[in-house]
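As stored in final-v7.cif (mmCIF, C-alpha atoms and all ligand atoms):
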data_protein
loop_
_atom_site.label_atom_id
_atom_site.label_comp_id
_atom_site.auth_asym_id
_atom_site.auth_seq_id
_atom_site.Cartn_x
_atom_site.Cartn_y
_atom_site.Cartn_z
CA MET A 1 -4.02 -17.59 -27.57
CA SER A 2 -4.96 -14.86 -30.03
CA GLN A 3 -3.26 -14.42 -33.39
CA ALA A 4 -1.79 -11.17 -32.08
CA ALA A 5 -0.30 -12.95 -29.09
CA ARG A 6 1.26 -15.61 -31.34
CA THR A 7 2.97 -13.10 -33.58
CA LYS A 8 3.92 -10.30 -31.18
CA LYS A 9 5.97 -10.39 -28.04
CA PRO A 10 4.98 -8.16 -25.17
CA ASP A 11 7.41 -5.44 -24.16
CA VAL A 12 5.91 -5.02 -20.75
CA LYS A 13 3.41 -6.65 -18.45
CA VAL A 14 0.48 -5.29 -16.44
CA VAL A 15 -1.30 -7.59 -13.97
CA ILE A 16 -4.80 -7.27 -12.50
CA LEU A 17 -5.14 -8.71 -9.00
CA GLY A 18 -7.99 -8.80 -6.51
CA ASP A 19 -10.55 -10.96 -4.78
CA MET A 20 -13.07 -13.02 -6.70
CA ASN A 21 -16.11 -11.17 -7.98
CA VAL A 22 -14.65 -7.66 -7.81
CA GLY A 23 -14.88 -7.35 -11.60
CA LYS A 24 -11.32 -7.88 -12.90
CA THR A 25 -12.42 -9.79 -15.99
CA SER A 26 -15.27 -7.36 -16.59
CA LEU A 27 -12.84 -4.43 -16.53
CA LEU A 28 -10.66 -6.11 -19.12
CA HIS A 29 -13.68 -6.94 -21.29
CA ARG A 30 -14.92 -3.38 -21.04
CA TYR A 31 -11.56 -2.01 -22.10
CA THR A 32 -10.76 -4.49 -24.84
CA GLU A 33 -14.21 -5.27 -26.21
CA ARG A 34 -16.07 -2.08 -25.21
CA LYS A 35 -18.74 -4.27 -23.62
CA PHE A 36 -20.09 -5.40 -20.28
CA LYS A 37 -20.87 -9.05 -20.71
CA ASP A 38 -21.52 -12.13 -18.63
CA THR A 39 -18.47 -13.66 -17.01
CA ILE A 40 -17.73 -16.82 -15.16
CA SER A 41 -15.20 -16.93 -12.37
CA THR A 42 -11.70 -16.99 -13.91
CA VAL A 43 -9.70 -20.20 -13.81
CA GLY A 44 -5.94 -19.69 -13.62
CA GLY A 45 -5.36 -16.57 -15.70
CA ALA A 46 -5.59 -15.12 -19.17
CA PHE A 47 -3.92 -12.29 -20.98
CA PHE A 48 -4.70 -9.74 -23.63
CA LEU A 49 -2.14 -8.01 -25.79
CA LYS A 50 -2.57 -4.30 -26.37
CA GLN A 51 -0.57 -2.29 -28.85
CA TRP A 52 0.32 1.08 -27.35
CA GLY A 53 2.32 3.23 -29.72
CA PRO A 54 5.16 1.08 -31.01
CA TYR A 55 4.99 -1.21 -27.98
CA ASN A 56 3.00 -4.27 -26.99
CA ILE A 57 1.62 -4.45 -23.50
CA SER A 58 0.31 -7.70 -22.04
CA ILE A 59 -2.52 -7.28 -19.55
CA TRP A 60 -2.95 -10.32 -17.33
CA ASP A 61 -6.29 -11.14 -15.77
CA THR A 62 -5.94 -13.43 -12.75
CA ALA A 63 -8.28 -15.61 -10.72
CA GLY A 64 -9.38 -14.18 -7.39
CA ARG A 65 -10.49 -17.51 -6.01
CA GLU A 66 -8.46 -18.78 -3.07
CA GLN A 67 -7.68 -22.08 -4.80
CA PHE A 68 -5.65 -20.26 -7.48
CA HIS A 69 -3.81 -18.07 -5.03
CA GLY A 70 -0.51 -19.86 -5.53
CA LEU A 71 -0.40 -18.81 -9.18
CA GLY A 72 -0.54 -15.12 -8.38
CA SER A 73 3.16 -14.58 -7.79
CA MET A 74 3.97 -16.33 -11.09
CA TYR A 75 1.70 -13.98 -12.95
CA CYS A 76 3.29 -11.00 -11.20
CA ARG A 77 6.83 -12.00 -12.13
CA GLY A 78 8.43 -9.12 -14.00
CA ALA A 79 5.28 -6.97 -13.93
CA ALA A 80 5.78 -3.27 -14.59
CA ALA A 81 2.38 -2.38 -13.16
CA VAL A 82 -0.14 -4.07 -10.89
CA ILE A 83 -3.80 -3.11 -10.65
CA LEU A 84 -5.06 -3.95 -7.16
CA THR A 85 -8.83 -4.18 -7.57
CA TYR A 86 -11.60 -4.11 -4.96
CA ASP A 87 -15.38 -3.71 -5.02
CA VAL A 88 -16.57 -0.36 -3.59
CA THR A 89 -19.57 -2.10 -1.99
CA ASN A 90 -17.46 -4.71 -0.24
CA TRP A 91 -15.08 -3.65 2.51
CA GLN A 92 -13.59 -7.13 2.79
CA SER A 93 -12.44 -6.99 -0.83
CA LEU A 94 -10.23 -4.00 0.06
CA ALA A 95 -8.89 -5.75 3.16
CA GLU A 96 -8.04 -8.84 1.09
CA LEU A 97 -5.76 -6.78 -1.15
CA GLU A 98 -3.48 -6.22 1.81
CA ASN A 99 -4.02 -9.59 3.48
CA ARG A 100 -3.71 -11.86 0.49
CA PHE A 101 -2.64 -10.12 -2.69
CA LEU A 102 0.05 -7.59 -1.85
CA SER A 103 2.68 -10.22 -1.04
CA LEU A 104 2.14 -11.77 -4.49
CA THR A 105 3.69 -8.65 -5.99
CA ASP A 106 7.10 -9.44 -4.45
CA THR A 107 8.03 -10.97 -7.82
CA ALA A 108 7.11 -7.82 -9.76
CA ASN A 109 9.75 -5.36 -11.00
CA THR A 110 11.39 -3.29 -8.26
CA ASP A 111 10.08 -0.14 -9.97
CA CYS A 112 6.60 -1.62 -10.41
CA ILE A 113 3.77 0.92 -10.48
CA PHE A 114 0.65 0.29 -8.39
CA ALA A 115 -2.91 1.39 -9.05
CA ILE A 116 -5.72 0.86 -6.53
CA VAL A 117 -9.05 0.41 -8.28
CA GLY A 118 -12.50 0.45 -6.70
CA ASN A 119 -14.82 -1.16 -9.24
CA LYS A 120 -18.66 -1.28 -9.38
CA ALA A 121 -18.84 2.47 -8.80
CA ASP A 122 -22.16 2.45 -10.69
CA LEU A 123 -23.72 0.79 -7.64
CA THR A 124 -22.91 3.71 -5.35
CA ASP A 125 -22.37 6.77 -7.51
CA ALA A 126 -24.97 8.34 -9.80
CA LEU A 127 -22.25 9.82 -12.00
CA ALA A 128 -20.78 6.37 -12.63
CA GLN A 129 -24.22 5.10 -13.70
CA GLU A 130 -24.10 7.23 -16.83
CA PRO A 131 -23.13 5.02 -19.75
CA ASP A 132 -19.76 5.96 -21.14
CA THR A 133 -20.76 6.50 -24.77
CA GLU A 134 -17.12 7.11 -25.70
CA SER A 135 -16.35 3.54 -24.81
CA GLU A 136 -18.96 2.08 -27.16
CA ARG A 137 -17.74 0.95 -30.55
CA GLN A 138 -18.01 3.69 -33.15
CA ASP A 139 -18.81 1.25 -35.95
CA GLU A 140 -21.84 -0.27 -34.26
CA PRO A 141 -25.17 1.35 -35.15
CA GLN A 142 -26.54 3.11 -32.10
CA PRO A 143 -30.28 2.81 -31.42
CA VAL A 144 -32.29 6.00 -31.68
CA VAL A 145 -33.52 6.88 -28.18
CA THR A 146 -37.17 7.88 -28.36
CA CYS A 147 -38.31 7.43 -24.76
CA PRO A 148 -37.05 9.04 -21.57
CA THR A 149 -34.05 7.44 -19.89
CA PRO A 150 -35.26 4.93 -17.31
CA PRO A 151 -34.61 5.88 -13.69
CA ALA A 152 -31.17 5.04 -12.42
CA THR A 153 -30.78 1.97 -10.23
CA PRO A 154 -31.13 2.91 -6.54
CA LEU A 155 -27.70 3.53 -5.10
CA GLN A 156 -26.21 1.11 -2.62
CA HIS A 157 -24.19 1.89 0.46
CA LYS A 158 -20.56 2.59 -0.39
CA GLN A 159 -18.40 0.59 1.97
CA VAL A 160 -15.01 1.81 0.79
CA SER A 161 -14.27 5.51 0.45
CA LYS A 162 -11.62 7.02 -1.78
CA GLU A 163 -9.73 7.96 1.41
CA ASP A 164 -9.61 4.26 2.41
CA ALA A 165 -8.12 3.46 -0.98
CA ILE A 166 -5.58 6.28 -0.69
CA ALA A 167 -4.57 5.02 2.76
CA LEU A 168 -4.06 1.56 1.28
CA TYR A 169 -1.94 3.01 -1.53
CA CYS A 170 0.32 4.64 1.06
CA ARG A 171 0.64 1.33 2.93
CA VAL A 172 1.50 -0.43 -0.34
CA LEU A 173 4.35 2.02 -0.88
CA ARG A 174 5.55 1.45 2.67
CA TYR A 175 5.38 -2.33 2.16
CA LYS A 176 7.54 -1.86 -0.93
CA GLY A 177 9.97 0.32 1.05
CA LEU A 178 9.28 3.28 -1.22
CA GLU A 179 9.33 6.93 -0.26
CA GLU A 180 5.88 8.41 -0.75
CA LYS A 181 7.34 11.66 -2.02
CA ALA A 182 9.36 9.89 -4.69
CA CYS A 183 6.33 7.97 -6.02
CA LEU A 184 3.31 8.80 -8.12
CA PRO A 185 0.73 10.60 -5.96
CA ALA A 186 -2.09 8.58 -4.46
CA GLU A 187 -4.73 10.86 -6.01
CA THR A 188 -3.39 9.91 -9.44
CA MET A 189 -3.10 6.19 -8.73
CA CYS A 190 -6.44 5.51 -6.98
CA PHE A 191 -9.37 5.08 -9.37
CA GLU A 192 -13.04 4.32 -9.03
CA THR A 193 -14.41 2.54 -12.08
CA SER A 194 -17.45 0.80 -13.45
CA ALA A 195 -16.95 -2.05 -15.86
CA LYS A 196 -20.72 -1.97 -16.30
CA THR A 197 -20.98 1.59 -17.63
CA GLY A 198 -17.36 2.12 -18.69
CA TYR A 199 -16.86 4.89 -16.13
CA ASN A 200 -13.11 5.66 -15.81
CA VAL A 201 -12.07 2.37 -17.43
CA ASP A 202 -10.15 3.84 -20.38
CA VAL A 203 -8.60 6.42 -18.06
CA LEU A 204 -7.34 3.67 -15.77
CA PHE A 205 -5.71 1.50 -18.42
CA GLU A 206 -4.35 4.32 -20.54
CA THR A 207 -2.87 6.18 -17.57
CA LEU A 208 -1.01 3.00 -16.68
CA PHE A 209 0.12 2.36 -20.25
CA ASP A 210 1.68 5.82 -20.38
CA LEU A 211 3.31 5.30 -17.01
CA VAL A 212 4.97 2.00 -17.95
CA LEU A 213 6.58 3.39 -21.11
CA PRO A 214 9.70 4.58 -19.23
CA SER A 215 10.06 1.07 -17.87
CA ILE A 216 10.18 -0.30 -21.45
CA LEU A 217 12.70 2.33 -22.52
CA LYS A 218 14.86 1.65 -19.47
CA LYS A 219 14.94 -2.07 -20.19
CA LYS A 220 15.75 -1.48 -23.81
CA SER A 221 18.53 0.95 -22.98
CA GLU A 222 19.99 -1.51 -20.49
CA GLY A 223 20.14 -3.94 -23.37
CA GLU A 224 18.07 -6.52 -21.58
CA SER A 225 15.47 -8.54 -23.35
CA ALA A 226 12.41 -6.43 -22.70
CA THR A 227 10.06 -9.25 -23.50
CA VAL A 228 8.05 -11.62 -21.39
CA ASP A 229 8.68 -15.18 -22.47
CA LEU A 230 5.37 -16.56 -23.63
CA GLU A 231 6.90 -20.02 -23.72
CA ALA A 232 7.71 -19.92 -19.99
CA PRO A 233 6.38 -22.98 -18.20
CA ILE A 234 3.30 -21.36 -16.74
CA GLU A 235 0.12 -23.24 -17.30
CA VAL A 236 -2.32 -20.64 -18.54
CA LYS A 237 -5.93 -21.65 -18.61
CA ARG A 238 -8.31 -19.48 -20.52
CA THR A 239 -11.43 -18.16 -18.92
CA LYS A 240 -14.58 -19.37 -20.56
CA ALA A 241 -15.32 -15.74 -21.26
CA GLY A 242 -12.10 -15.99 -23.33
CA CYS A 243 -10.75 -12.49 -23.27
CA CYS A 244 -7.71 -13.61 -25.23
CA ALA A 245 -9.72 -15.49 -27.82
N1 LIG A 301 -22.81 -3.44 -11.14
C1 LIG A 301 -21.62 -3.89 -11.55
N2 LIG A 301 -21.38 -5.21 -11.60
C2 LIG A 301 -20.14 -5.60 -12.02
C3 LIG A 301 -19.15 -4.69 -12.42
N3 LIG A 301 -18.05 -5.38 -12.77
C4 LIG A 301 -18.35 -6.68 -12.63
N4 LIG A 301 -19.60 -6.82 -12.19
C5 LIG A 301 -20.29 -8.08 -11.89
O1 LIG A 301 -19.57 -8.74 -10.86
C6 LIG A 301 -19.52 -10.14 -11.07
C7 LIG A 301 -18.08 -10.61 -11.10
O2 LIG A 301 -17.41 -10.04 -12.21
P1 LIG A 301 -16.06 -10.68 -12.79
O3 LIG A 301 -15.51 -9.72 -13.77
O4 LIG A 301 -16.27 -12.07 -13.26
O5 LIG A 301 -15.17 -10.72 -11.46
P2 LIG A 301 -13.66 -11.23 -11.28
O6 LIG A 301 -12.99 -10.27 -10.39
O7 LIG A 301 -13.04 -11.45 -12.61
O8 LIG A 301 -13.85 -12.59 -10.50
P3 LIG A 301 -12.86 -13.89 -10.49
O9 LIG A 301 -12.57 -14.24 -11.91
O10 LIG A 301 -13.63 -14.96 -9.78
O11 LIG A 301 -11.63 -13.52 -9.73
C8 LIG A 301 -20.26 -10.40 -12.38
O12 LIG A 301 -21.60 -10.75 -12.06
C9 LIG A 301 -20.22 -9.07 -13.08
O13 LIG A 301 -21.31 -8.88 -13.95
C10 LIG A 301 -19.45 -3.30 -12.35
O14 LIG A 301 -18.66 -2.40 -12.66
N5 LIG A 301 -20.70 -2.95 -11.91
MG MG A 302 -12.33 -13.08 -13.54
#

Go ahead and express the file in the form of structure tokens.
Amino acid sequence: MSQAARTKKPDVKVVILGDMNVGKTSLLHRYTERKFKDTISTVGGAFFLKQWGPYNISIWDTAGREQFHGLGSMYCRGAAAVILTYDVTNWQSLAELENRFLSLTDTANTDCIFAIVGNKADLTDALAQEPDTESERQDEPQPVVTCPTPPATPLQHKQVSKEDAIALYCRVLRYKGLEEKACLPAETMCFETSAKTGYNVDVLFETLFDLVLPSILKKKSEGESATVDLEAPIEVKRTKAGCCA
């Protein structure tokens, strides 16, 4: 557990769910470390604590592998937002969100916010191949580019369209018994991202952070403990990639 996690208690919890290999850990690395780096398949789960204004938000990365499926609902307990992640080049990864992962969110808050995220957009979309220079660290010296940019990687077939994701979002709301009109619009809550280039990654996380703030304020005004108990008996195994190191 990081020093930050030892000394600060989270006010609210965001959970990333989705099939193995869709890029959940890579998205978290990209956001927190401004890097795309090698990962190994996550074991159990791991969390990162993000300070957002005066509040602390815990972002939980979970394992997509079937063998860890049982842990998913524990990680979702009390979540204010869930990021349902698929791979835009893999139709099955979208189907799995509905088949396997949606029911895990039964333990989330009743007013939980959902985002549907199609990752690996760089594989199918030339725009997403452009490196997101904003997401690189400002303090790292940037190499001077003296030769022409190499040609972009040939684009792959996109198996999941934005419309498919929007349709899933609507079904998620129905599953939750929520009125579409009373919820955040699908166009706002469906994202395509690339952990590799950084495309849309900050937008995704920071949109959600802003959206969960009312949930923190509501809890505080209700006088409940707005914290997630880090001492709760959940066995948390770190990924080797160690995003909470
Ligand atoms: N091209 C491309 N590859 C990606 C992207 N995100 C992740 N990958 C690759 O996809 C593979 C899986 O990434 P992970 O982040 O480990 O996937 P995960 O969803 O955390 O997988 P589990 O931990 O097993 O559930 C790795 O080889 C990553 O390098 C992306 O945006 N673009
Ligand atoms: Mg992972």

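Candidate residues A:Ile57, A:Ala63, A:Lys9, A:Ala46 were compared for distance to ligand MG 302 (chain A), and the nearest is A:Ala63, using only C-alpha atoms and all ligand atoms.
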
If you take only C-alpha atoms and all ligand atoms and a cut-off of 10 Å, which residues of chain A touch ligand MG 302 (chain A), and what are their nearest atom pairs and distances in Å to one decimal, in chain and number order, as JSON lines?
{"residue": "A:Ile16", "atom": "CA", "partner": "A:MG302", "partner_atom": "MG", "distance": 9.6}
{"residue": "A:Leu17", "atom": "CA", "partner": "A:MG302", "partner_atom": "MG", "distance": 9.6}
{"residue": "A:Gly18", "atom": "CA", "partner": "A:MG302", "partner_atom": "MG", "distance": 9.3}
{"residue": "A:Asp19", "atom": "CA", "partner": "A:MG302", "partner_atom": "MG", "distance": 9.2}
{"residue": "A:Met20", "atom": "CA", "partner": "A:MG302", "partner_atom": "MG", "distance": 6.9}
{"residue": "A:Asn21", "atom": "CA", "partner": "A:MG302", "partner_atom": "MG", "distance": 7.0}
{"residue": "A:Val22", "atom": "CA", "partner": "A:MG302", "partner_atom": "MG", "distance": 8.2}
{"residue": "A:Gly23", "atom": "CA", "partner": "A:MG302", "partner_atom": "MG", "distance": 6.6}
{"residue": "A:Lys24", "atom": "CA", "partner": "A:MG302", "partner_atom": "MG", "distance": 5.3}
{"residue": "A:Thr25", "atom": "CA", "partner": "A:MG302", "partner_atom": "MG", "distance": 4.1}
{"residue": "A:Ser26", "atom": "CA", "partner": "A:MG302", "partner_atom": "MG", "distance": 7.1}
{"residue": "A:Leu27", "atom": "CA", "partner": "A:MG302", "partner_atom": "MG", "distance": 9.2}
{"residue": "A:Leu28", "atom": "CA", "partner": "A:MG302", "partner_atom": "MG", "distance": 9.1}
{"residue": "A:His29", "atom": "CA", "partner": "A:MG302", "partner_atom": "MG", "distance": 10.0}
{"residue": "A:Thr39", "atom": "CA", "partner": "A:MG302", "partner_atom": "MG", "distance": 7.1}
{"residue": "A:Ile40", "atom": "CA", "partner": "A:MG302", "partner_atom": "MG", "distance": 6.8}
{"residue": "A:Ser41", "atom": "CA", "partner": "A:MG302", "partner_atom": "MG", "distance": 4.9}
{"residue": "A:Thr42", "atom": "CA", "partner": "A:MG302", "partner_atom": "MG", "distance": 4.0}
{"residue": "A:Val43", "atom": "CA", "partner": "A:MG302", "partner_atom": "MG", "distance": 7.6}
{"residue": "A:Gly44", "atom": "CA", "partner": "A:MG302", "partner_atom": "MG", "distance": 9.2}
{"residue": "A:Gly45", "atom": "CA", "partner": "A:MG302", "partner_atom": "MG", "distance": 8.1}
{"residue": "A:Ala46", "atom": "CA", "partner": "A:MG302", "partner_atom": "MG", "distance": 9.0}
{"residue": "A:Asp61", "atom": "CA", "partner": "A:MG302", "partner_atom": "MG", "distance": 6.7}
{"residue": "A:Thr62", "atom": "CA", "partner": "A:MG302", "partner_atom": "MG", "distance": 6.4}
{"residue": "A:Ala63", "atom": "CA", "partner": "A:MG302", "partner_atom": "MG", "distance": 5.5}
{"residue": "A:Gly64", "atom": "CA", "partner": "A:MG302", "partner_atom": "MG", "distance": 6.9}
{"residue": "A:Arg65", "atom": "CA", "partner": "A:MG302", "partner_atom": "MG", "distance": 8.9}
{"residue": "A:Thr239", "atom": "CA", "partner": "A:MG302", "partner_atom": "MG", "distance": 7.5}
{"residue": "A:Lys240", "atom": "CA", "partner": "A:MG302", "partner_atom": "MG", "distance": 9.7}
{"residue": "A:Ala241", "atom": "CA", "partner": "A:MG302", "partner_atom": "MG", "distance": 8.7}
{"residue": "A:Cys243", "atom": "CA", "partner": "A:MG302", "partner_atom": "MG", "distance": 9.9}

Would you export the selected residues with C-alpha atoms as a PDB file, keeping the file's coordinate frame, please?
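Resulting contents of again-v2.pdb:
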ATOM      1  CA  ILE A  16      -4.800  -7.270 -12.500  1.00  0.00           C
ATOM      2  CA  LEU A  17      -5.140  -8.710  -9.000  1.00  0.00           C
ATOM      3  CA  GLY A  18      -7.990  -8.800  -6.510  1.00  0.00           C
ATOM      4  CA  ASP A  19     -10.550 -10.960  -4.780  1.00  0.00           C
ATOM      5  CA  MET A  20     -13.070 -13.020  -6.700  1.00  0.00           C
ATOM      6  CA  ASN A  21     -16.110 -11.170  -7.980  1.00  0.00           C
ATOM      7  CA  VAL A  22     -14.650  -7.660  -7.810  1.00  0.00           C
ATOM      8  CA  GLY A  23     -14.880  -7.350 -11.600  1.00  0.00           C
ATOM      9  CA  LYS A  24     -11.320  -7.880 -12.900  1.00  0.00           C
ATOM     10  CA  THR A  25     -12.420  -9.790 -15.990  1.00  0.00           C
ATOM     11  CA  SER A  26     -15.270  -7.360 -16.590  1.00  0.00           C
ATOM     12  CA  LEU A  27     -12.840  -4.430 -16.530  1.00  0.00           C
ATOM     13  CA  LEU A  28     -10.660  -6.110 -19.120  1.00  0.00           C
ATOM     14  CA  HIS A  29     -13.680  -6.940 -21.290  1.00  0.00           C
ATOM     15  CA  THR A  39     -18.470 -13.660 -17.010  1.00  0.00           C
ATOM     16  CA  ILE A  40     -17.730 -16.820 -15.160  1.00  0.00           C
ATOM     17  CA  SER A  41     -15.200 -16.930 -12.370  1.00  0.00           C
ATOM     18  CA  THR A  42     -11.700 -16.990 -13.910  1.00  0.00           C
ATOM     19  CA  VAL A  43      -9.700 -20.200 -13.810  1.00  0.00           C
ATOM     20  CA  GLY A  44      -5.940 -19.690 -13.620  1.00  0.00           C
ATOM     21  CA  GLY A  45      -5.360 -16.570 -15.700  1.00  0.00           C
ATOM     22  CA  ALA A  46      -5.590 -15.120 -19.170  1.00  0.00           C
ATOM     23  CA  ASP A  61      -6.290 -11.140 -15.770  1.00  0.00           C
ATOM     24  CA  THR A  62      -5.940 -13.430 -12.750  1.00  0.00           C
ATOM     25  CA  ALA A  63      -8.280 -15.610 -10.720  1.00  0.00           C
ATOM     26  CA  GLY A  64      -9.380 -14.180  -7.390  1.00  0.00           C
ATOM     27  CA  ARG A  65     -10.490 -17.510  -6.010  1.00  0.00           C
ATOM     28  CA  THR A 239     -11.430 -18.160 -18.920  1.00  0.00           C
ATOM     29  CA  LYS A 240     -14.580 -19.370 -20.560  1.00  0.00           C
ATOM     30  CA  ALA A 241     -15.320 -15.740 -21.260  1.00  0.00           C
ATOM     31  CA  CYS A 243     -10.750 -12.490 -23.270  1.00  0.00           C
TER      32      CYS A 243
END

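With atom CA of A:Gln51 on one side and atom C10 of ligand LIG 301 (chain A) on the other, the separation reads 25.1 Å.
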
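Of the listed residues A:Leu104, A:Ala167, A:Val203, A:Ala128, the one whose atoms come nearest to ligand LIG 301 (chain A) is A:Ala128, with distances taken using all atoms listed in the file.
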
note = One residue among A:Ser58, A:Gln67, A:Thr110, A:Ser215 is nearest to ligand LIG 301 (chain A) when using all atoms listed in the file, and that residue is A:Gln67

inquiry  = I'd like the contact shell of A:Glu187 - 9 Å cut-off, all atoms listed in the file, skipping same-chain residues fewer than 3 positions apart - returned as a count of residues only.
reply    = 5

Size and centre in Å, one decimal, axis-aligned box, all listed ligand LIG 301 (chain A) atoms plus 3 Å per side, as lines of an AutoDock Vina configuration file:
center_x = -17.2
center_y = -8.7
center_z = -11.8
size_x = 17.2
size_y = 18.6
size_z = 10.2

key: Selected residue of minimal separation from ligand LIG 301 (chain A) among A:Arg34, A:Lys158, A:Lys196, A:Arg77, counting only C-alpha atoms and all ligand atoms   =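 Nearest candidate to ligand LIG 301 (chain A) out of A:Arg34, A:Lys158, A:Lys196, A:Arg77: A:Lys196.
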
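Atom pair atom CA of A:Phe48 / atom C5 of ligand LIG 301 (chain A) has a distance of 19.6 Å (rounded to one decimal).
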
ask   = Hey, which of A:Glu206, A:Glu222, A:Glu163, A:Glu192 ends up closest to ligand LIG 301 (chain A)? Count all atoms listed in the file.
value =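 Looking at the shortest contact to ligand LIG 301 (chain A), the residue is A:Glu192.
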
task = Measuring atom to atom with only C-alpha atoms and all ligand atoms, identify which of A:Lys176, A:Lys120, A:Lys8, A:Lys50 is nearest to ligand LIG 301 (chain A).
result = A:Lys120

request  = Would you mind reading off the distance between atom CA of A:Thr85 and atom C1 of ligand LIG 301 (chain A), one decimal, in Å?
outcome  =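 Computing it gives 13.4 Å between the two atoms.
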